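Following: one structure in structure tokens, then a few remarks.
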Amino acid sequence: MRDGSPRLWPYSPANSPIALPDRPLLCSTNEVVTLVNSADAPDLATTLGGKSLTDYLEGYGTEEGNLDALLKAQNAAPMAQRRPILLLGELANPYRLQDVNIGPLPVFPVRIEDVCRTWADGLDTREAYPGVHHVTLARTPGWWEHSHLGMATVEQMKALIAWLENGVRGSWRPVKLAEGSIRLSEESDLEPPTKADITWDGVVERVELTMPAPTGPKIDLMTLMVPIHTRQGCYNHRGRLSRCAHMNQRDFHDNLFRKGSSHRWDDVLSVQ
């Protein structure tokens with residue numbers, strides 16, 4: 001997608017989330033702008049968190065200036081007042097972010113490892129029939145796929161969680177992961193493992209392939225907030241997960257939703 005109005009970004013409730021950014025962006029109410037960083041990337045052995053993460057991401061920008069200059073031009077909080085939040089599904093979509101109306105939000109591609117994106121076993125019927133399934137997180141040792149990182153103020157984080165909850169307090173919980181890895185990554189052509197690559201011993205699903213070599217540094221999990229669905233957790237399809245990478249939302253809703261059971265969220269993910 002080209003830069004421009006977030007209303008021109010593809011969004012389909014039938015297959016939410018679609019289409020997600022393949023590059024760093026500054027998403028605001030009226031415009032989506034591609035961000036670039038000419039500085040050398042941190043060493044792969046580095047773990048970025050707190051000020052080191054903020055300082056590096058602040059170096060992204062456009063010909064008009066770095067991120068702080070772009071945010072200042074929109075009367076938005078600077079990077080020093082923002083914290084990282086993992087955007088697992090449609091909250092990384094500029095069209096949806098405009099609906100939530102939280103103001104300018106920098107969004108960066110990341111690679112998640114040993115954890116996977118799954119459909120939450122719940123339904124949001126606000127805007128579409130039969131409704132939208134949001135995305136939550138579960139463990140899968142050896143797994144990798146793309147996701148997105150937002151740099152949000154505390155108030156923006158609260159607004160994102162409140163939007164997911166839709167008045168049902170406690171249905172989404174902001175947590176800090178105690179497993180998995182999150183890396184900065186702009187590998188737009190990196191494909192996740194296939195269904196055939198996943199083994200299952202009746203208890204644990206895992207990928208036994210060699211994980212692709214990293215291209216970006218890790219993010220300190222102590223500094224990263226992750227919204228997790230906590231009412232029914234994620235879907236349990238005969239003991240196995242329904243990963244977003246393998247099944248779009250419509251297929252999940254028509255063929256699996258309410259035709260089985262669900263994992264408790266804390267059975268499939270460890271948090272700090």
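Scheme for the structure tokens: letters A, B, ... for chains in order shown; per-chain residue numbers from 1; ligand numbers from 1 in order shown.
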Exercise. List the neighbours of Asp43 of chain A out to 12 Å using only C-alpha atoms; skip same-chain residues closer than 2 positions along the sequence, and give me the result as a ChimeraX atom specification.
Key: /A:40-41,45-48,56,183-184,214-218
So which residues touch Asn236 of chain A within 8 Å, counting only C-alpha atoms, skipping near sequence neighbours fewer than 5 positions away, as an mmCIF file with N, CA, C and O atoms, in the first residue's frame?
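File produced: selection.cif:
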```
data_model
loop_
_atom_site.group_PDB
_atom_site.id
_atom_site.type_symbol
_atom_site.label_atom_id
_atom_site.label_comp_id
_atom_site.auth_asym_id
_atom_site.auth_seq_id
_atom_site.Cartn_x
_atom_site.Cartn_y
_atom_site.Cartn_z
ATOM 1 N N LEU A 241 -4.005 -25.615 18.336
ATOM 2 C CA LEU A 241 -4.307 -24.203 18.144
ATOM 3 C C LEU A 241 -4.775 -23.915 16.717
ATOM 4 O O LEU A 241 -4.417 -24.634 15.780
ATOM 5 N N SER A 242 -5.547 -22.842 16.575
ATOM 6 C CA SER A 242 -5.949 -22.353 15.259
ATOM 7 C C SER A 242 -5.166 -21.082 14.977
ATOM 8 O O SER A 242 -5.538 -20.001 15.433
ATOM 9 N N GLY A 260 -16.269 -26.508 19.380
ATOM 10 C CA GLY A 260 -15.311 -27.222 20.201
ATOM 11 C C GLY A 260 -15.156 -26.506 21.526
ATOM 12 O O GLY A 260 -16.118 -25.977 22.067
ATOM 13 N N SER A 261 -13.960 -26.469 22.040
ATOM 14 C CA SER A 261 -13.703 -25.849 23.332
ATOM 15 C C SER A 261 -12.600 -24.808 23.182
ATOM 16 O O SER A 261 -12.171 -24.497 22.073
ATOM 17 N N SER A 262 -12.149 -24.269 24.311
ATOM 18 C CA SER A 262 -11.086 -23.266 24.254
ATOM 19 C C SER A 262 -10.069 -23.523 25.353
ATOM 20 O O SER A 262 -10.390 -24.059 26.417
ATOM 21 N N HIS A 263 -8.824 -23.156 25.070
ATOM 22 C CA HIS A 263 -7.763 -23.232 26.066
ATOM 23 C C HIS A 263 -7.911 -22.071 27.049
ATOM 24 O O HIS A 263 -8.250 -20.954 26.650
#
```
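Interatomic distance, atom CA of Leu269 of chain A to atom CA of Leu221 of chain A: 13.6 Å.
The gap separating atom CA of Glu186 of chain A from atom CA of Leu209 of chain A is 21.2 Å, in Å to one decimal.
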Quiz item: Ala152 of chain A: which residues within 9 Å, counting only C-alpha atoms, same-chain residues fewer than 5 positions away excluded, as a ChimeraX atom specification?
Solution: /A:77,79,81-85,104-106,157
Practice problem: Assign secondary structure with DSSP using the backbone only, and return the residues of segment 80-271 of chain A in helix (DSSP H, G or I) as a ChimeraX atom specification. | Solution: /A:80-81,90-92,94-100,154-165,195-197,221-223,249-255,265-267
Keeping C-alpha atoms for every residue in the selection just given, could you write it to a file as an mmCIF file, in the first residue's frame?
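The resulting file, out-v3.cif, is shown below:
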```
data_model
loop_
_atom_site.group_PDB
_atom_site.id
_atom_site.type_symbol
_atom_site.label_atom_id
_atom_site.label_comp_id
_atom_site.auth_asym_id
_atom_site.auth_seq_id
_atom_site.Cartn_x
_atom_site.Cartn_y
_atom_site.Cartn_z
ATOM 1 C CA ALA A 80 10.282 9.664 25.288
ATOM 2 C CA GLN A 81 6.676 9.539 26.563
ATOM 3 C CA GLU A 90 -6.236 -5.446 13.346
ATOM 4 C CA LEU A 91 -4.880 -2.786 15.704
ATOM 5 C CA ALA A 92 -1.866 -2.651 13.396
ATOM 6 C CA PRO A 94 -4.247 1.958 9.748
ATOM 7 C CA TYR A 95 -7.931 1.808 8.758
ATOM 8 C CA ARG A 96 -8.832 0.379 12.160
ATOM 9 C CA LEU A 97 -6.508 2.718 14.047
ATOM 10 C CA GLN A 98 -8.358 5.653 12.529
ATOM 11 C CA ASP A 99 -11.624 4.207 13.879
ATOM 12 C CA VAL A 100 -10.161 3.842 17.363
ATOM 13 C CA VAL A 154 -0.069 5.263 28.468
ATOM 14 C CA GLU A 155 -3.380 6.847 27.500
ATOM 15 C CA GLN A 156 -3.206 5.320 24.015
ATOM 16 C CA MET A 157 -2.532 1.892 25.534
ATOM 17 C CA LYS A 158 -5.533 2.247 27.812
ATOM 18 C CA ALA A 159 -7.685 3.273 24.850
ATOM 19 C CA LEU A 160 -6.538 0.273 22.774
ATOM 20 C CA ILE A 161 -7.347 -2.174 25.583
ATOM 21 C CA ALA A 162 -10.696 -0.470 26.225
ATOM 22 C CA TRP A 163 -11.570 -0.728 22.541
ATOM 23 C CA LEU A 164 -10.808 -4.462 22.538
ATOM 24 C CA GLU A 165 -12.883 -4.983 25.687
ATOM 25 C CA LYS A 195 0.834 -26.824 9.111
ATOM 26 C CA ALA A 196 2.952 -29.767 7.968
ATOM 27 C CA ASP A 197 5.965 -28.304 9.798
ATOM 28 C CA LEU A 221 10.137 -8.416 27.287
ATOM 29 C CA MET A 222 10.160 -6.550 30.606
ATOM 30 C CA THR A 223 9.423 -3.329 28.721
ATOM 31 C CA GLN A 249 -11.040 -15.330 10.118
ATOM 32 C CA ARG A 250 -13.953 -16.403 7.935
ATOM 33 C CA ASP A 251 -12.772 -20.017 7.819
ATOM 34 C CA PHE A 252 -12.244 -19.990 11.573
ATOM 35 C CA HIS A 253 -15.695 -18.585 12.250
ATOM 36 C CA ASP A 254 -17.565 -20.865 9.858
ATOM 37 C CA ASN A 255 -15.734 -24.111 10.548
ATOM 38 C CA TRP A 265 -5.197 -18.312 28.327
ATOM 39 C CA ASP A 266 -2.759 -19.029 31.153
ATOM 40 C CA ASP A 267 -2.442 -22.671 30.035
#
```
Quiz prompt | Contact residues around Ile198 of chain A with only C-alpha atoms at 10 Å, ignoring same-chain residues under 3 positions, as number ranges by chain | solution = A: 140-143, 193-195, 204-209
Could the residues in this selection be saved with C-alpha atoms as a PDB file, in the first residue's frame?
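File written: result-v1.pdb
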```
ATOM      1  CA  THR A 140       4.551 -22.806  20.025  1.00  0.00           C
ATOM      2  CA  PRO A 141       8.233 -23.696  20.504  1.00  0.00           C
ATOM      3  CA  GLY A 142      10.229 -23.140  17.328  1.00  0.00           C
ATOM      4  CA  TRP A 143       7.538 -20.994  15.646  1.00  0.00           C
ATOM      5  CA  PRO A 193       6.067 -22.536   9.140  1.00  0.00           C
ATOM      6  CA  THR A 194       3.316 -24.509   7.401  1.00  0.00           C
ATOM      7  CA  LYS A 195       0.834 -26.824   9.111  1.00  0.00           C
ATOM      8  CA  VAL A 204       2.747 -29.741  22.978  1.00  0.00           C
ATOM      9  CA  GLU A 205       2.810 -28.448  19.404  1.00  0.00           C
ATOM     10  CA  ARG A 206       6.267 -27.434  18.197  1.00  0.00           C
ATOM     11  CA  VAL A 207       8.214 -26.581  15.054  1.00  0.00           C
ATOM     12  CA  GLU A 208      11.435 -28.552  14.699  1.00  0.00           C
ATOM     13  CA  LEU A 209      12.798 -26.668  11.688  1.00  0.00           C
TER      14      LEU A 209
END
```
